[in-house]
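A.B. asks: Below: one structure in structure tokens.
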Amino acid sequence: MNVIKLDHPLIQHKTSILRQKETTNKEFRENIEEITMLMCYEALRDLPLEDVEIETPICKTTQKMLKGKKLAIVPILRAGLGMVNGMLNLVPAAKVGHIGMYRDEETLQPHEYYCKLPNDIDERLIVVVDPMLATGGSAVDAITQIKSYGGKHIKFLCIIAAPEGIETLSKAHPDVEIICANVDEKLNENGYIVPGLGDAGDRIFGTK
């Protein structure tokens with residue numbers, strides 16, 4: 001499996017804040033953004049660079065800058081929206097696509113209702129973001145959709161993953177790197193991650 005776990009102490013500390021049921025919506029949103037920014041730093045370690053001539057106040061010099069097209073961030077709606085600003089704080093030139101999914105509460109299967117991607121998606125590194133990788137169904141369908149539009153170089157970034165979701169996504173898209181901060185115990189009978197943090201979308205947006 002192509003899985004990278006980022007267990008930096010700051011990420012672990014902030015994730016524990018997310019898990020606490022008494023954490024407010026404001027605190028939850030802030031910590032989601034901060035965790036994403038910390039993860040983004042490591043997740044984009046392999047971005048290509050090129051030599052560029054610049055001029056400092058002292059002299060001309062050749063230095064490194066990002067090469068070619070910047071990345072595309074694709075949140076899976078709606079919880080994935082909470083991770084976008086954390087990515088944009090580090091890569092403000094990135095383009096942002098959106099894929100809307102909802103989960104059938106009885107079958108636990110994902111259903112797509114919206115997809116809007118940058119026109120040059122095939123030329124960009126694509127980072128699909130969703131705080132939770134539970135059953136893996138939404139991630140699999142979102143990445144399948146992105147590939148149908150020509151997307152090739154894709155990473156999936158989440159904060160908490162279930163073993164079942166990792167296995168499902170890895171089998172469906174073995175070429176996609178999965179980057180997570182925590183691998184939890186399991187899914188319960190309702191498809192929620194245990195111990196998890198509840199419904200990330202509800203906690204981000206203050207809905208029930």
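Residue numbers start at 1 in each chain; chains themselves are named A, B, ... in the order of the structure tokens; ligands are numbered from 1 in the order shown.
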Residues near range 7-13 of chain A, anyone? I mean within 10 Å using only C-alpha atoms, not counting same-chain ones fewer than 3 positions away, as a list in words.
C.D. replies: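 These residues fall inside the cut-off: Ile4, Ser16, Ile17, Leu18, Asn31, Ile32, Glu34, Ile35, Thr36, Met37, Leu38, Met39, Ile159, Cys180, Ala181 and Asn182 of chain A.
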A.B. asks: Could you give me, as number ranges by chain, each residue of range 8-206 of chain A that DSSP assigns to alpha helix (DSSP H) when run on this structure's backbone?
C.D. replies: A: 9-19, 25-43, 81-90, 137-148, 163-172, 200-205
A.B. asks: Taking the DSSP secondary structure from the backbone, can you list the residues of range 68-186 of chain A that are strand (DSSP E or B), as a PyMOL selection string?
C.D. replies: chain A and resi 72-77+95-96+98-103+110-116+126-129+132-133+154-157+160-161+177-180+182-183+186
A.B. asks: Which one is closest to Val84 in chain A: A:Leu47, A:Ala162, A:Val127, A:Val52? Count only C-alpha atoms.
C.D. replies: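 Counting only C-alpha atoms, the residue closest to Val84 in chain A is A:Val127.
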A.B. asks: Could you state the separation of CA of Glu33 in chain A and CA of Cys158 in chain A in Å, given to one decimal place?
C.D. replies: 11.9 Å
A.B. asks: Between A:Ile193, A:Cys59, A:Ile154, A:Cys115, which residue has the minimum interatomic distance to Ile73 in chain A, considering only C-alpha atoms?
C.D. replies: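 Counting only C-alpha atoms, the residue closest to Ile73 in chain A is A:Ile154.
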A.B. asks: Extract, using only C-alpha atoms, all DNA, RNA and protein residues at most 7 Å from Tyr192 in chain A, discarding same-chain residues fewer than 4 positions from it, and format them as a compact mmCIF listing (two decimals) with N, CA, C and O atoms, in the first residue's frame.
C.D. replies:
```txt
# COMPACT_ATOMS: atom_id res chain seq x y z
N ALA A 134 -13.14 6.98 5.59
CA ALA A 134 -13.88 5.97 6.35
C ALA A 134 -14.05 4.69 5.53
O ALA A 134 -13.15 3.86 5.48
N LEU A 187 -14.11 0.71 11.53
CA LEU A 187 -15.42 1.33 11.32
C LEU A 187 -16.45 0.64 12.20
O LEU A 187 -16.39 -0.58 12.40
N ASN A 188 -17.42 1.42 12.70
CA ASN A 188 -18.52 0.78 13.44
C ASN A 188 -19.62 0.36 12.47
O ASN A 188 -19.48 0.50 11.24
```
A.B. asks: So which residues touch range 109-111 of chain A within 12 Å, counting only C-alpha atoms, skipping near sequence neighbours fewer than 2 positions away, as a ChimeraX atom specification?
C.D. replies: /A:76-77,99-107,113-115,134-142,145,190-191
